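Just below is one structure, and these are the notes that go with it.
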Amino acid sequence: MLTFFEAIVLGIVQGIAEWLPISSQGMTTLVMLNLFDKTLADALPIAIWLHTGTLLSAVVYFRTDIKEITVEIPQYLSNRNIKDKKDSIITFLLITTAITGIIGLPLILFATGMEEFSGKIATAIIGALLIITGLLQLSASKKTKKREQTVITDSIIAGVVQGFAALPGISRSGITVSALLLRDMEASQALRLSFLMSIPAVFAADVGMGAMGLLSFDANSLLALLFAFVFGILTIDLFIRAAKKYDFSKFCIALGILSILTYFL
């Protein structure tokens, strides 16, 4: 359960951090572990719930893309041309969402079952995952980007890495964009696909956690969602442009090192 103050702080952190490749889930979890004295098992469902607010921000921001995809669904279902279906963004989203669920759900259940993890140990683990994310981004930044059309292999790889982003500290946007860049995807298209594929994945995660009783709804949890949505709307365009222009890999690595160092303090 969140207090009024915790809900506001966490909503703001989520709304600002979601669009940058620095793991918003890692950021909100670190805040809960180190400032609000919550366990990893308590913090992780809340961190995932906060994504619902920024999911709604993404729906508003990408409403044109979503409308185009929705309009194409009847034609997609009736189309018997396998080649067209393989190249469709709908196929990309279906495959990535399915694979994300297969990999991500067991990881969420595993992490939420880690009651014995202290705040320091969990912070150090998140720090290590942040470093891995930063190193992957460094590798991806050296690739030449030129392709816009996705293939089935892109869908599988993107779905796998997004599944592992269920672990706090692995930036969902950072790792999916990096994976697509390593597949020679053009940078702006990789970023667009990364945020589009997050929408069904986060929605499915919320439904799944709600069905398993991992989510609790009260006024403060809804307040946190509202603040995540508002700050997500206010910052999405600015930070998406910043993510295209600046390299956040070193920030990820530095924050990861600092998180690990707190274990020894």
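Just remember, in the structure tokens the first chain shown is A, the second B, etc., residues are 1-based per chain, and ligands are 1-based in the order shown.
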
Item to check | Test item: residues at most 8 Å from Ala205 of chain A, only C-alpha atoms, excluding those fewer than 2 positions along its chain, as number ranges by chain | outcome: A: 48, 101, 105, 201-203, 207-209

Item to check | Residue contacts of Pro168 of chain A (12 Å, only C-alpha atoms) excluding same-chain residues fewer than 3 positions away, as a PyMOL selection string | outcome: chain A and resi 22-33+40-41+43-48+104+107-108+111-112+122-130+133+162-165+171-172+256

Could you turn the residues from that selection into a file that holds N, CA and C atoms, as a short mmCIF file (atom, residue, chain, number, x, y, z; two decimals), in the first residue's frame?
```
data_model
loop_
_atom_site.label_atom_id
_atom_site.label_comp_id
_atom_site.auth_asym_id
_atom_site.auth_seq_id
_atom_site.Cartn_x
_atom_site.Cartn_y
_atom_site.Cartn_z
N ILE A 22 16.74 3.98 -19.08
CA ILE A 22 17.43 3.84 -17.80
C ILE A 22 16.64 2.98 -16.81
N SER A 23 15.62 2.29 -17.27
CA SER A 23 14.78 1.41 -16.45
C SER A 23 13.94 2.20 -15.44
N SER A 24 12.77 2.62 -15.86
CA SER A 24 11.86 3.31 -14.94
C SER A 24 11.45 2.37 -13.81
N GLN A 25 11.30 1.09 -14.13
CA GLN A 25 10.96 0.11 -13.09
C GLN A 25 12.08 0.00 -12.08
N GLY A 26 13.32 0.05 -12.57
CA GLY A 26 14.46 0.04 -11.66
C GLY A 26 14.50 1.28 -10.79
N MET A 27 14.18 2.45 -11.39
CA MET A 27 14.20 3.71 -10.64
C MET A 27 13.14 3.70 -9.54
N THR A 28 11.90 3.34 -9.89
CA THR A 28 10.85 3.35 -8.88
C THR A 28 11.10 2.29 -7.81
N THR A 29 11.65 1.15 -8.20
CA THR A 29 11.96 0.12 -7.22
C THR A 29 13.06 0.57 -6.27
N LEU A 30 14.09 1.22 -6.80
CA LEU A 30 15.16 1.74 -5.96
C LEU A 30 14.62 2.76 -4.96
N VAL A 31 13.72 3.63 -5.42
CA VAL A 31 13.12 4.62 -4.52
C VAL A 31 12.35 3.92 -3.40
N MET A 32 11.57 2.91 -3.76
CA MET A 32 10.78 2.21 -2.74
C MET A 32 11.65 1.44 -1.76
N LEU A 33 12.72 0.83 -2.26
CA LEU A 33 13.60 0.05 -1.39
C LEU A 33 14.38 0.93 -0.43
N LEU A 40 11.42 -5.99 -1.82
CA LEU A 40 11.36 -6.20 -3.27
C LEU A 40 10.02 -6.80 -3.67
N ALA A 41 9.50 -7.73 -2.85
CA ALA A 41 8.21 -8.36 -3.15
C ALA A 41 7.08 -7.35 -3.15
N ALA A 43 7.58 -3.99 -3.68
CA ALA A 43 7.88 -2.91 -4.63
C ALA A 43 7.60 -3.30 -6.08
N LEU A 44 7.87 -4.55 -6.44
CA LEU A 44 7.80 -4.92 -7.85
C LEU A 44 6.38 -4.82 -8.43
N PRO A 45 5.34 -5.33 -7.76
CA PRO A 45 3.99 -5.15 -8.32
C PRO A 45 3.61 -3.68 -8.46
N ILE A 46 4.04 -2.86 -7.50
CA ILE A 46 3.73 -1.42 -7.58
C ILE A 46 4.45 -0.80 -8.77
N ALA A 47 5.72 -1.18 -8.98
CA ALA A 47 6.49 -0.64 -10.09
C ALA A 47 5.86 -1.00 -11.42
N ILE A 48 5.35 -2.23 -11.54
CA ILE A 48 4.70 -2.65 -12.78
C ILE A 48 3.36 -1.92 -12.95
N GLY A 104 8.31 -13.21 -19.19
CA GLY A 104 8.18 -12.22 -18.13
C GLY A 104 7.39 -12.68 -16.93
N LEU A 107 9.36 -14.64 -14.35
CA LEU A 107 10.32 -13.76 -13.69
C LEU A 107 9.65 -12.87 -12.66
N ILE A 108 8.45 -12.37 -12.98
CA ILE A 108 7.71 -11.55 -12.03
C ILE A 108 7.36 -12.36 -10.79
N ALA A 111 10.52 -12.95 -8.71
CA ALA A 111 10.99 -11.76 -8.00
C ALA A 111 10.06 -11.39 -6.85
N THR A 112 8.74 -11.51 -7.06
CA THR A 112 7.81 -11.16 -5.99
C THR A 112 7.83 -12.19 -4.86
N ALA A 122 18.80 -6.28 -2.97
CA ALA A 122 17.97 -6.00 -4.15
C ALA A 122 18.52 -4.81 -4.92
N THR A 123 18.98 -3.77 -4.21
CA THR A 123 19.54 -2.59 -4.86
C THR A 123 20.80 -2.95 -5.65
N ALA A 124 21.64 -3.81 -5.06
CA ALA A 124 22.87 -4.23 -5.74
C ALA A 124 22.55 -5.03 -7.00
N ILE A 125 21.54 -5.91 -6.92
CA ILE A 125 21.15 -6.70 -8.09
C ILE A 125 20.61 -5.80 -9.19
N ILE A 126 19.77 -4.84 -8.81
CA ILE A 126 19.26 -3.87 -9.79
C ILE A 126 20.41 -3.10 -10.41
N GLY A 127 21.41 -2.73 -9.60
CA GLY A 127 22.58 -2.03 -10.12
C GLY A 127 23.31 -2.86 -11.17
N ALA A 128 23.47 -4.16 -10.90
CA ALA A 128 24.15 -5.04 -11.86
C ALA A 128 23.37 -5.10 -13.18
N LEU A 129 22.04 -5.17 -13.08
CA LEU A 129 21.21 -5.22 -14.29
C LEU A 129 21.27 -3.90 -15.06
N LEU A 130 21.38 -2.79 -14.34
CA LEU A 130 21.53 -1.49 -15.00
C LEU A 130 22.84 -1.44 -15.79
N THR A 133 22.41 -3.39 -18.96
CA THR A 133 21.63 -2.59 -19.91
C THR A 133 22.50 -1.54 -20.59
N GLN A 162 12.24 -8.13 -24.15
CA GLN A 162 11.22 -7.41 -23.38
C GLN A 162 10.74 -8.26 -22.20
N GLY A 163 10.71 -9.57 -22.39
CA GLY A 163 10.34 -10.46 -21.29
C GLY A 163 11.30 -10.33 -20.12
N PHE A 164 12.59 -10.24 -20.40
CA PHE A 164 13.58 -10.10 -19.33
C PHE A 164 13.53 -8.73 -18.67
N ALA A 165 12.91 -7.75 -19.34
CA ALA A 165 12.75 -6.43 -18.74
C ALA A 165 11.75 -6.43 -17.60
N SER A 171 16.24 -1.93 -18.42
CA SER A 171 15.38 -0.94 -19.07
C SER A 171 14.65 -1.57 -20.25
N ARG A 172 13.31 -1.57 -20.18
CA ARG A 172 12.53 -2.16 -21.26
C ARG A 172 12.80 -1.44 -22.58
N GLY A 256 24.29 2.12 -12.06
CA GLY A 256 24.43 0.74 -11.64
C GLY A 256 25.58 0.56 -10.66
#
```

Against segment 51-69 of chain A, which residues of segment 198-260 of chain A fall within 7 Å? For each one I want the closest pair of atoms and the distance in Å (one decimal), counting only C-alpha atoms, rows by chain and increasing residue number, as a Markdown table.
```
| residue | atom | partner | partner_atom | distance |
| --- | --- | --- | --- | --- |
| A:Ile199 | CA | A:Leu55 | CA | 5.8 |
| A:Val202 | CA | A:Thr52 | CA | 6.7 |
| A:Leu225 | CA | A:Gly53 | CA | 4.6 |
| A:Leu226 | CA | A:Gly53 | CA | 6.2 |
| A:Ala228 | CA | A:Gly53 | CA | 4.9 |
| A:Phe229 | CA | A:Gly53 | CA | 4.2 |
| A:Gly232 | CA | A:Thr54 | CA | 5.4 |
| A:Ile233 | CA | A:Ser57 | CA | 5.2 |
```

Write out the residues from the selection above, keeping N, CA and C atoms, as a PDB file, in the first residue's frame.
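Output file again17.pdb is given in full below:
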```
ATOM      1  N   ILE A 199       2.735  -1.375 -25.149  1.00  0.00           N
ATOM      2  CA  ILE A 199       1.325  -1.152 -24.806  1.00  0.00           C
ATOM      3  C   ILE A 199       0.590  -2.462 -24.524  1.00  0.00           C
ATOM      4  N   VAL A 202       2.276  -4.304 -21.290  1.00  0.00           N
ATOM      5  CA  VAL A 202       1.942  -3.761 -19.970  1.00  0.00           C
ATOM      6  C   VAL A 202       0.479  -4.071 -19.625  1.00  0.00           C
ATOM      7  N   LEU A 225      -0.975   6.339 -10.398  1.00  0.00           N
ATOM      8  CA  LEU A 225      -1.207   6.142 -11.834  1.00  0.00           C
ATOM      9  C   LEU A 225      -1.488   7.477 -12.521  1.00  0.00           C
ATOM     10  N   LEU A 226      -2.299   8.330 -11.881  1.00  0.00           N
ATOM     11  CA  LEU A 226      -2.639   9.633 -12.462  1.00  0.00           C
ATOM     12  C   LEU A 226      -1.393  10.492 -12.646  1.00  0.00           C
ATOM     13  N   ALA A 228       1.707   9.437 -12.889  1.00  0.00           N
ATOM     14  CA  ALA A 228       2.541   8.833 -13.934  1.00  0.00           C
ATOM     15  C   ALA A 228       2.017   9.218 -15.311  1.00  0.00           C
ATOM     16  N   PHE A 229       0.697   9.205 -15.471  1.00  0.00           N
ATOM     17  CA  PHE A 229       0.088   9.582 -16.748  1.00  0.00           C
ATOM     18  C   PHE A 229       0.358  11.047 -17.083  1.00  0.00           C
ATOM     19  N   GLY A 232       3.964  11.651 -17.704  1.00  0.00           N
ATOM     20  CA  GLY A 232       4.301  10.962 -18.942  1.00  0.00           C
ATOM     21  C   GLY A 232       3.904  11.782 -20.151  1.00  0.00           C
ATOM     22  N   ILE A 233       2.697  12.348 -20.116  1.00  0.00           N
ATOM     23  CA  ILE A 233       2.216  13.196 -21.215  1.00  0.00           C
ATOM     24  C   ILE A 233       3.097  14.439 -21.365  1.00  0.00           C
TER      25      ILE A 233
END
```

Checklist entry - Which one is closest to Thr176 of chain A: A:Leu196, A:Val161, A:Ala7, A:Ile156? Count only C-alpha atoms. => result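 That would be A:Val161, the residue with the smallest distance to Thr176 of chain A.
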
Checklist entry - Near Glu148 of chain A, within 9 Å and counting only C-alpha atoms, which residues show up once chain neighbours fewer than 4 positions away are dropped, as a list in words? => result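 Returned residues: Asp184, Met185, Glu186, Ala187, Ser188, Gln189 and Ala190 of chain A.
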
Checklist entry - In Å, how far is it from atom CA of Leu181 of chain A to atom CA of Ala140 of chain A? => result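 Atom CA of Ala140 of chain A lies at a distance of 5.7 Å from atom CA of Leu181 of chain A.
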
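Minimum distance to Gly159 of chain A across A:Phe92, A:Phe4, A:Phe264, A:Phe36 (counting only C-alpha atoms) occurs at A:Phe92.
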
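Nearest to Ser155 of chain A of all the residues A:Pro200, A:Gly134, A:Ile95, A:Ala179 is A:Ile95, based on only C-alpha atoms.
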
Checklist entry - DSSP says alpha helix (DSSP H) for which residues of segment 192-232 of chain A? Put them as a PyMOL selection string? => result chain A and resi 192-211+219-232

Item to check | Length of the atom CA of Trp19 of chain A to atom CA of Phe239 of chain A vector [Å] | outcome: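 Computing it gives 5.9 Å between the two atoms.
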
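The residue that comes closest to Gly169 of chain A, out of A:Ser88, A:Thr97, A:Asn81, A:Ser259 and on the basis of only C-alpha atoms, is A:Ser259.
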
Checklist entry - Using only C-alpha atoms, which residues sit within 6 Å of Ala224 of chain A once same-chain residues fewer than 2 positions away are excluded, as a list of chain:residue names? => result A:Ala7, A:Ile8, A:Gly11, A:Ser221, A:Leu222, A:Leu226, A:Phe227
